[in-house]
>>> print(open('structure22.cif').read())   # mmCIF, C-alpha atoms
data_query
loop_
_atom_site.label_atom_id
_atom_site.label_comp_id
_atom_site.auth_asym_id
_atom_site.auth_seq_id
_atom_site.Cartn_x
_atom_site.Cartn_y
_atom_site.Cartn_z
CA MET A 240 95.71 84.80 107.53
CA ILE A 241 98.68 82.64 106.80
CA GLN A 242 100.21 80.25 109.27
CA GLY A 243 103.48 81.47 110.74
CA ILE A 244 103.86 84.68 108.72
CA SER A 245 102.75 87.99 110.22
CA ILE A 246 101.61 91.05 108.28
CA TYR A 247 104.88 92.80 109.14
CA HIS A 248 106.94 90.31 107.13
CA PHE A 249 105.10 91.12 103.93
CA LEU A 250 105.13 94.86 104.62
CA ILE A 251 108.90 94.90 105.23
CA VAL A 252 109.55 93.18 101.90
CA SER A 253 107.24 95.52 99.97
CA THR A 254 108.67 98.63 101.69
CA LEU A 255 112.23 97.64 100.76
CA MET A 256 111.13 96.91 97.19
CA PHE A 257 109.42 100.33 96.95
CA PHE A 258 112.50 102.23 98.09
CA ILE A 259 114.82 100.16 95.87
CA GLY A 260 112.56 101.25 93.01
CA ILE A 261 112.86 104.92 94.04
CA ALA A 262 116.64 104.62 94.35
CA GLY A 263 116.75 103.12 90.86
CA PHE A 264 114.62 105.99 89.58
CA ILE A 265 117.27 108.40 90.87
CA ILE A 266 120.40 106.45 89.95
CA ARG A 267 119.56 105.36 86.42
CA GLN A 268 120.20 107.44 83.30
CA ASN A 269 118.50 105.46 80.56
CA LEU A 270 114.76 106.00 79.99
CA ILE A 271 113.94 102.28 79.73
CA THR A 272 115.72 101.42 82.97
CA ILE A 273 113.80 104.27 84.66
CA LEU A 274 110.66 102.52 83.39
CA LEU A 275 111.87 99.28 85.00
CA ALA A 276 112.21 101.10 88.33
CA VAL A 277 108.64 102.42 88.00
CA GLU A 278 107.42 98.86 87.44
CA LEU A 279 109.14 97.84 90.69
CA ILE A 280 107.35 100.65 92.56
CA LEU A 281 103.92 99.73 91.13
CA ASN A 282 104.47 96.07 91.96
CA SER A 283 105.32 96.73 95.59
CA VAL A 284 102.17 98.84 95.98
CA ALA A 285 100.07 96.00 94.55
CA ILE A 286 101.57 93.62 97.12
CA ASN A 287 100.63 96.07 99.88
CA PHE A 288 97.00 96.28 98.75
CA LEU A 289 96.68 92.49 98.70
CA VAL A 290 98.31 92.01 102.09
CA PHE A 291 96.04 94.55 103.78
CA ASN A 292 93.06 92.91 102.11
CA ARG A 293 94.02 89.41 103.26
CA TYR A 294 95.08 90.24 106.82
CA LEU A 295 92.78 93.07 107.91
CA TYR A 296 89.60 92.83 105.81
CA PRO A 297 89.31 89.24 104.60
CA ASP A 298 85.52 89.54 104.19
CA ARG A 299 85.81 91.90 101.21
CA LEU A 300 87.78 92.08 97.96
CA GLN A 301 88.72 95.76 97.72
CA GLY A 302 92.49 95.28 97.74
CA HIS A 303 92.17 92.48 95.22
CA PHE A 304 90.36 94.70 92.73
CA PHE A 305 92.70 97.61 93.27
CA SER A 306 95.67 95.36 92.49
CA LEU A 307 93.85 94.20 89.37
CA PHE A 308 93.38 97.81 88.28
CA ILE A 309 97.03 98.59 89.09
CA VAL A 310 98.05 95.86 86.65
CA GLY A 311 95.81 97.43 84.00
CA VAL A 312 97.16 100.93 84.61
CA ALA A 313 100.73 99.59 84.51
CA ALA A 314 100.08 98.00 81.12
CA ALA A 315 98.69 101.28 79.74
CA GLU A 316 101.56 103.28 81.21
CA ALA A 317 104.22 100.93 79.84
CA SER A 318 102.77 100.97 76.33
CA VAL A 319 102.54 104.78 76.15
CA ALA A 320 105.99 105.22 77.71
CA ILE A 321 107.60 102.82 75.25
CA ALA A 322 105.88 104.56 72.31
CA LEU A 323 107.30 107.89 73.51
CA ILE A 324 110.77 106.39 74.05
CA ILE A 325 110.83 104.97 70.52
CA ASN A 326 109.72 108.36 69.17
CA ILE A 327 112.55 110.07 71.09
CA TYR A 328 115.02 107.51 69.75
CA ARG A 329 113.95 108.32 66.19
CA ARG A 330 114.59 112.01 66.75
CA ILE A 331 117.89 112.07 68.65
CA HIS A 332 119.21 108.47 68.32
CA ASN A 333 119.72 108.25 72.04
CA ILE A 334 117.55 107.57 75.06
CA GLU A 335 119.68 108.88 77.88
CA ALA A 336 117.63 111.12 80.16
CA ASP A 337 120.33 113.83 80.20
CA ASN A 338 120.10 114.33 76.45
CA VAL A 339 116.33 114.75 76.34
CA ASN A 340 116.11 118.47 77.06
CA GLU A 341 114.65 119.87 73.88
CA MET A 342 111.23 120.59 75.33
CA LYS A 343 112.68 122.00 78.50
CA TYR A 344 113.27 125.62 77.55
CA MET B 1188 109.66 75.84 110.23
CA THR B 1189 106.72 74.98 108.05
CA LEU B 1190 106.71 74.93 104.28
CA ASN B 1191 104.75 78.21 104.16
CA VAL B 1192 107.42 80.10 106.05
CA LEU B 1193 110.20 78.52 104.03
CA MET B 1194 108.44 79.51 100.80
CA PHE B 1195 107.96 83.06 102.08
CA TYR B 1196 111.64 83.52 102.88
CA LEU B 1197 112.67 82.01 99.55
CA LEU B 1198 110.36 84.31 97.58
CA SER B 1199 111.29 87.44 99.50
CA GLY B 1200 114.97 86.62 99.06
CA ILE B 1201 114.44 86.33 95.30
CA ILE B 1202 112.44 89.59 95.23
CA LEU B 1203 114.97 91.67 97.15
CA THR B 1204 118.06 90.26 95.44
CA PHE B 1205 116.73 90.69 91.94
CA SER B 1206 115.24 94.14 92.58
CA VAL B 1207 118.70 95.34 93.64
CA LEU B 1208 120.19 93.68 90.55
CA THR B 1209 117.53 95.31 88.34
CA ILE B 1210 118.63 98.80 89.31
CA THR B 1211 122.38 98.09 89.42
CA SER B 1212 122.99 95.83 86.42
CA ARG B 1213 125.02 97.60 83.75
CA ARG B 1214 123.57 95.65 80.84
CA MET B 1215 120.01 96.64 80.00
CA LEU B 1216 118.74 93.28 78.76
CA ARG B 1217 119.91 91.62 81.97
CA ALA B 1218 118.09 94.27 83.99
CA ALA B 1219 114.87 93.41 82.16
CA VAL B 1220 115.33 89.69 82.82
CA TYR B 1221 115.99 90.39 86.52
CA LEU B 1222 112.73 92.37 86.58
CA LEU B 1223 111.02 89.29 85.13
CA PHE B 1224 112.29 87.22 88.08
CA VAL B 1225 110.95 89.83 90.52
CA LEU B 1226 107.52 89.75 88.86
CA VAL B 1227 107.35 85.95 88.90
CA ALA B 1228 108.32 85.85 92.59
CA THR B 1229 105.59 88.44 93.27
CA ALA B 1230 103.11 86.09 91.59
CA GLY B 1231 104.38 83.49 94.06
CA PHE B 1232 103.47 85.89 96.89
CA TYR B 1233 99.95 86.14 95.48
CA PHE B 1234 99.67 82.35 95.43
CA LEU B 1235 100.89 82.32 99.04
CA LEU B 1236 98.15 84.80 99.94
CA ASN B 1237 95.54 82.59 98.23
CA TYR B 1238 94.68 84.97 95.40
CA GLN B 1239 95.06 82.55 92.53
CA PHE B 1240 93.25 84.65 89.92
CA LEU B 1241 95.42 87.68 90.53
CA ALA B 1242 98.56 85.53 90.42
CA ALA B 1243 97.49 84.25 87.00
CA VAL B 1244 96.84 87.84 85.85
CA GLN B 1245 100.27 88.87 87.14
CA LEU B 1246 101.98 86.03 85.30
CA THR B 1247 100.20 86.56 81.98
CA LEU B 1248 99.97 90.36 81.85
CA TYR B 1249 103.08 91.50 83.71
CA ALA B 1250 105.57 88.70 83.21
CA GLY B 1251 104.18 87.74 79.81
CA GLY B 1252 103.13 91.05 78.33
CA ILE B 1253 104.95 94.02 79.78
CA VAL B 1254 108.37 92.38 80.07
CA VAL B 1255 108.21 91.19 76.46
CA LEU B 1256 107.24 94.73 75.40
CA ILE B 1257 110.19 96.17 77.34
CA ILE B 1258 112.62 93.62 75.86
CA PHE B 1259 111.38 94.47 72.36
CA SER B 1260 111.94 98.16 72.95
CA ILE B 1261 115.43 97.50 74.37
CA LEU B 1262 116.34 95.59 71.23
CA LEU B 1263 114.95 98.42 69.08
CA THR B 1264 116.77 101.23 70.83
CA SER B 1265 120.19 99.96 71.88
CA HIS B 1266 122.97 97.57 71.09
CA ILE B 1267 122.82 94.27 72.87
CA SER B 1268 126.45 94.48 73.91
CA HIS B 1269 126.13 98.05 75.14
CA LYS B 1270 127.31 98.54 78.69
CA PHE B 1271 126.34 101.54 80.79
CA ALA B 1272 128.91 103.86 82.24
CA LYS B 1273 129.03 103.91 86.01
CA PRO B 1274 126.54 106.41 87.47
CA ALA B 1275 127.84 109.71 88.81
CA PRO B 1276 128.88 109.39 92.47
CA TRP B 1277 126.56 112.14 93.71
CA LYS B 1278 123.62 110.38 92.06
CA LEU B 1279 124.61 107.06 93.60
CA TRP B 1280 124.90 108.65 97.03
CA MET B 1281 121.56 110.40 96.64
CA GLY B 1282 119.84 107.15 95.64
CA VAL B 1283 121.38 105.15 98.47
CA SER B 1284 120.61 107.83 101.05
CA VAL B 1285 116.98 108.06 99.89
CA LEU B 1286 116.80 104.26 100.20
CA ALA B 1287 118.31 104.33 103.69
CA VAL B 1288 116.43 107.31 105.13
CA GLY B 1289 113.06 106.63 103.51
CA GLY B 1290 113.25 102.91 104.21
CA ALA B 1291 114.25 103.41 107.84
CA LEU B 1292 111.52 105.99 108.44
CA THR B 1293 108.79 103.88 106.83
CA LEU B 1294 109.89 100.68 108.53
CA TRP B 1295 110.04 102.40 111.90
CA THR B 1296 106.50 103.74 111.44
CA LEU B 1297 105.23 100.35 110.24
CA LEU B 1298 106.77 98.32 113.03
CA SER B 1299 105.58 100.69 115.75
CA HIS B 1300 102.01 100.59 114.44
CA ASP B 1301 99.68 97.91 115.71
CA PHE B 1302 97.51 96.47 112.94
CA VAL B 1303 94.18 95.32 114.31
CA LYS B 1304 91.96 92.98 112.38
CA SER B 1305 88.35 94.13 112.56
CA ALA B 1306 86.58 91.82 114.93
CA GLY B 1307 84.20 89.08 113.88
CA VAL B 1308 84.73 89.13 110.14
CA LYS B 1309 84.58 85.93 108.20
CA THR B 1310 87.12 85.03 105.54
CA VAL B 1311 85.41 84.70 102.20
CA PRO B 1312 86.82 82.17 99.76
CA VAL B 1313 88.02 84.00 96.67
CA ASP B 1314 86.62 82.06 93.73
CA MET B 1315 85.97 83.07 90.14
CA HIS B 1316 82.21 83.30 90.71
CA LEU B 1317 82.61 85.95 93.41
CA ILE B 1318 85.25 87.91 91.47
CA GLY B 1319 83.11 88.04 88.33
CA ASN B 1320 79.98 89.06 90.20
CA GLN B 1321 81.73 91.86 92.08
CA LEU B 1322 83.78 93.12 89.15
CA LEU B 1323 80.65 93.71 87.07
CA GLY B 1324 78.26 94.37 89.96
CA MET B 1325 76.46 97.69 90.35
CA GLY B 1326 75.20 97.40 93.91
CA LYS B 1327 77.12 97.00 97.13
CA ASN B 1328 80.68 95.73 96.57
CA GLY B 1329 80.37 96.38 92.84
CA TYR B 1330 83.24 97.69 90.77
CA VAL B 1331 81.67 98.18 87.36
CA LEU B 1332 82.53 101.90 87.20
CA SER B 1333 86.26 101.38 87.69
CA PHE B 1334 86.10 98.48 85.25
CA GLU B 1335 84.66 100.76 82.56
CA ILE B 1336 87.14 103.53 83.36
CA ILE B 1337 90.02 101.08 82.95
CA SER B 1338 88.64 99.97 79.59
CA ILE B 1339 88.47 103.60 78.40
CA LEU B 1340 92.01 104.19 79.73
CA LEU B 1341 93.33 101.20 77.79
CA LEU B 1342 91.61 102.40 74.61
CA ALA B 1343 93.09 105.89 75.06
CA ALA B 1344 96.55 104.44 75.73
CA MET B 1345 96.33 102.29 72.62
CA ILE B 1346 95.35 105.26 70.43
CA ALA B 1347 98.05 107.45 72.00
CA ALA B 1348 100.73 104.81 71.42
CA ILE B 1349 99.74 104.34 67.78
CA VAL B 1350 99.54 108.08 67.06
CA SER B 1351 102.85 108.92 68.70
CA VAL B 1352 104.92 106.33 66.79
CA LYS B 1353 103.18 106.77 63.43
CA LYS B 1354 105.41 108.16 60.70
CA GLU B 1355 104.17 111.30 59.02
CA LYS B 1356 103.21 110.76 55.42
CA ASN B 1357 103.62 114.08 53.63
CA LYS B 1358 106.93 115.01 55.23
CA LYS B 1359 110.11 113.58 53.81
CA SER B 1360 111.57 111.46 56.56
CA GLU B 1361 114.51 113.65 57.47
CA THR B 1362 115.15 111.70 60.63
CA LEU B 1363 115.92 108.01 60.32
#
>>> encode(input="structure22.cif", output="structure tokens")
Amino acid sequence: MIQGISIYHFLIVSTLMFFIGIAGFIIRQNLITILLAVELILNSVAINFLVFNRYLYPDRLQGHFFSLFIVGVAAAEASVAIALIINIYRRIHNIEADNVNEMKY
Amino acid sequence: MTLNVLMFYLLSGIILTFSVLTITSRRMLRAAVYLLFVLVATAGFYFLLNYQFLAAVQLTLYAGGIVVLIIFSILLTSHISHKFAKPAPWKLWMGVSVLAVGGALTLWTLLSHDFVKSAGVKTVPVDMHLIGNQLLGMGKNGYVLSFEIISILLLAAMIAAIVSVKKEKNKKSETL
């Protein structure tokens, strides 16, 4: 519990951050900037876990560990995604999402 | 207004401003640096919530590791002076309307819900001793299984990343 700040304040910030991430996922064309939007989404979810842990169940550490594992999963996801993006760049010299349709049909 | 509240508003202002800039900036390197600001301000949130260990993890792994990885890949795949074209209007409208409708719906649900703290629980101090014991504990409140699964996931991700960017030996490199 933090003096003067209610749980709603944190949740409003993380909700807005989540939907800004989703809007970026839709708006952006480039694969790396789509990855940046995914990082925003993951980060807002980690904030949510921690806030629920601190405000509603302060006797346990479940949210804390889930945020820790989210950071680990994000690291794995970013490394694999960047490897794939570099591989795509070698093949078609371009990483715009519209041009990556070779595997589609 | 106490210092806590002031700090909260400062950090949330930084987070919201720079998340919008991350998805609207037309230069890719700037977008990555704006994401770095968002991640550092999030670490500030964790300090505010009294989770110092997680804030340190956030700073070292996210702000130190992932952002550097992303900046490297930006420099490998595009020109530094490259500027994006403006997004198609229908895409822009779709993104903004998802932001407005989804955000309004979620916020309305959140604000009309009454969060009740379970009665009579004590706040445990989060120190390194407790975190280490629970992270590798097998009994009640133990997380050793997920810890091991994460380690296998990281190993698999490392192998997958190496295999997918490795150049093939016997083939003449017809691309690049």
>>> closest_residue(input="structure22.cif", among="A:Leu274, A:Leu279, A:Val312, A:Ile321", to="Phe258 of chain A", atoms="only C-alpha atoms")
A:Leu279
>>> closest_atom_pairs(input="structure22.cif", of="chain A", to="chain B", cutoff="6 Å", atoms="only C-alpha atoms", output="tab-separated table")
residue	atom	partner	partner_atom	distance
A:Phe258	CA	B:Leu1286	CA	5.2
A:Ala262	CA	B:Gly1282	CA	4.3
A:Gly263	CA	B:Ile1210	CA	5.0
A:Ile265	CA	B:Gly1282	CA	5.6
A:Ile266	CA	B:Lys1278	CA	5.5
A:Leu295	CA	B:Lys1304	CA	4.5
A:Pro297	CA	B:Thr1310	CA	4.8
A:Asp298	CA	B:Thr1310	CA	5.0
A:Ala315	CA	B:Ala1344	CA	5.5
A:Val319	CA	B:Ala1348	CA	5.1
A:Ala322	CA	B:Ala1348	CA	5.2
A:Asn326	CA	B:Val1352	CA	5.7
>>> resolve_selection(input="structure22.cif", expression="the PyMOL selection byres ((chain A and resi 281) around 10)", output="PDB file with C-alpha atoms, in the coordinates of the input")
ATOM      1  CA  MET A 256     111.130  96.910  97.190  1.00  0.00           C
ATOM      2  CA  PHE A 257     109.420 100.330  96.950  1.00  0.00           C
ATOM      3  CA  GLY A 260     112.560 101.250  93.010  1.00  0.00           C
ATOM      4  CA  ALA A 276     112.210 101.100  88.330  1.00  0.00           C
ATOM      5  CA  VAL A 277     108.640 102.420  88.000  1.00  0.00           C
ATOM      6  CA  GLU A 278     107.420  98.860  87.440  1.00  0.00           C
ATOM      7  CA  LEU A 279     109.140  97.840  90.690  1.00  0.00           C
ATOM      8  CA  ILE A 280     107.350 100.650  92.560  1.00  0.00           C
ATOM      9  CA  ASN A 282     104.470  96.070  91.960  1.00  0.00           C
ATOM     10  CA  SER A 283     105.320  96.730  95.590  1.00  0.00           C
ATOM     11  CA  VAL A 284     102.170  98.840  95.980  1.00  0.00           C
ATOM     12  CA  ALA A 285     100.070  96.000  94.550  1.00  0.00           C
ATOM     13  CA  ILE A 286     101.570  93.620  97.120  1.00  0.00           C
ATOM     14  CA  SER A 306      95.670  95.360  92.490  1.00  0.00           C
ATOM     15  CA  ILE A 309      97.030  98.590  89.090  1.00  0.00           C
ATOM     16  CA  VAL A 310      98.050  95.860  86.650  1.00  0.00           C
ATOM     17  CA  VAL A 312      97.160 100.930  84.610  1.00  0.00           C
ATOM     18  CA  ALA A 313     100.730  99.590  84.510  1.00  0.00           C
TER      19      ALA A 313
END
>>> atom_distance(input="structure22.cif", atom1="atom CA of Ala1228 of chain B", atom2="atom CA of Phe249 of chain A")
12.9 Å
>>> atom_distance(input="structure22.cif", atom1="atom CA of Thr1296 of chain B", atom2="atom CA of Ile259 of chain A")
18.0 Å
>>> atom_distance(input="structure22.cif", atom1="atom CA of Glu1335 of chain B", atom2="atom CA of Asn287 of chain A")
24.0 Å
>>> closest_residue(input="structure22.cif", among="A:Gly243, A:Leu323, A:Glu316, A:Phe288", to="Leu300 of chain A", atoms="all atoms listed in the file")
A:Phe288
>>> closest_residue(input="structure22.cif", among="B:Lys1327, B:Met1315, B:Trp1295, B:His1266", to="Ala1243 of chain B", atoms="all atoms listed in the file")
B:Met1315
>>> closest_residue(input="structure22.cif", among="A:Tyr328, A:Tyr296, A:Phe291, A:Phe304", to="Ser245 of chain A", atoms="only C-alpha atoms")
A:Phe291
>>> residues_around(input="structure22.cif", residues="segment 336-338 of chain A", least_positions_apart="2", cutoff="6 Å", atoms="all atoms listed in the file", output="PyMOL selection string")
chain A and resi 268-270+340
>>> write_last_selection(input="structure22.cif", atoms="C-alpha atoms", output="PDB file, keeping the file's coordinate frame")
ATOM      1  CA  GLN A 268     120.200 107.440  83.300  1.00  0.00           C
ATOM      2  CA  ASN A 269     118.500 105.460  80.560  1.00  0.00           C
ATOM      3  CA  LEU A 270     114.760 106.000  79.990  1.00  0.00           C
ATOM      4  CA  ASN A 340     116.110 118.470  77.060  1.00  0.00           C
TER       5      ASN A 340
END
>>> build_atoms(input="structure22.cif", residues="segment 285-299 of chain A", atoms="N, CA and C atoms", output="PDB file, keeping the file's coordinate frame")
ATOM      1  N   ALA A 285     101.096  97.042  94.737  1.00  0.00           N
ATOM      2  CA  ALA A 285     100.070  96.000  94.550  1.00  0.00           C
ATOM      3  C   ALA A 285     100.174  94.945  95.638  1.00  0.00           C
ATOM      4  N   ILE A 286     101.411  94.580  96.027  1.00  0.00           N
ATOM      5  CA  ILE A 286     101.570  93.620  97.120  1.00  0.00           C
ATOM      6  C   ILE A 286     100.946  94.163  98.403  1.00  0.00           C
ATOM      7  N   ASN A 287     101.185  95.469  98.671  1.00  0.00           N
ATOM      8  CA  ASN A 287     100.630  96.070  99.880  1.00  0.00           C
ATOM      9  C   ASN A 287      99.112  95.984  99.923  1.00  0.00           C
ATOM     10  N   PHE A 288      98.462  96.336  98.803  1.00  0.00           N
ATOM     11  CA  PHE A 288      97.000  96.280  98.750  1.00  0.00           C
ATOM     12  C   PHE A 288      96.498  94.881  99.092  1.00  0.00           C
ATOM     13  N   LEU A 289      97.141  93.859  98.494  1.00  0.00           N
ATOM     14  CA  LEU A 289      96.680  92.490  98.700  1.00  0.00           C
ATOM     15  C   LEU A 289      96.891  92.048 100.143  1.00  0.00           C
ATOM     16  N   VAL A 290      98.024  92.452 100.721  1.00  0.00           N
ATOM     17  CA  VAL A 290      98.310  92.010 102.090  1.00  0.00           C
ATOM     18  C   VAL A 290      97.318  92.626 103.065  1.00  0.00           C
ATOM     19  N   PHE A 291      97.022  93.933 102.892  1.00  0.00           N
ATOM     20  CA  PHE A 291      96.040  94.550 103.780  1.00  0.00           C
ATOM     21  C   PHE A 291      94.677  93.902 103.605  1.00  0.00           C
ATOM     22  N   ASN A 292      94.329  93.570 102.358  1.00  0.00           N
ATOM     23  CA  ASN A 292      93.060  92.910 102.110  1.00  0.00           C
ATOM     24  C   ASN A 292      92.996  91.558 102.831  1.00  0.00           C
ATOM     25  N   ARG A 293      94.066  90.760 102.709  1.00  0.00           N
ATOM     26  CA  ARG A 293      94.020  89.410 103.260  1.00  0.00           C
ATOM     27  C   ARG A 293      94.073  89.423 104.788  1.00  0.00           C
ATOM     28  N   TYR A 294      94.873  90.315 105.374  1.00  0.00           N
ATOM     29  CA  TYR A 294      95.080  90.240 106.820  1.00  0.00           C
ATOM     30  C   TYR A 294      94.054  91.041 107.610  1.00  0.00           C
ATOM     31  N   LEU A 295      93.632  92.213 107.098  1.00  0.00           N
ATOM     32  CA  LEU A 295      92.780  93.070 107.910  1.00  0.00           C
ATOM     33  C   LEU A 295      91.309  93.000 107.521  1.00  0.00           C
ATOM     34  N   TYR A 296      91.001  92.861 106.233  1.00  0.00           N
ATOM     35  CA  TYR A 296      89.600  92.830 105.810  1.00  0.00           C
ATOM     36  C   TYR A 296      89.338  91.615 104.919  1.00  0.00           C
ATOM     37  N   PRO A 297      89.441  90.408 105.466  1.00  0.00           N
ATOM     38  CA  PRO A 297      89.310  89.240 104.600  1.00  0.00           C
ATOM     39  C   PRO A 297      87.873  88.969 104.134  1.00  0.00           C
ATOM     40  N   ASP A 298      86.896  89.799 104.613  1.00  0.00           N
ATOM     41  CA  ASP A 298      85.520  89.540 104.190  1.00  0.00           C
ATOM     42  C   ASP A 298      85.179  90.275 102.895  1.00  0.00           C
ATOM     43  N   ARG A 299      86.083  91.143 102.434  1.00  0.00           N
ATOM     44  CA  ARG A 299      85.810  91.900 101.210  1.00  0.00           C
ATOM     45  C   ARG A 299      86.940  91.714 100.208  1.00  0.00           C
TER      46      ARG A 299
END
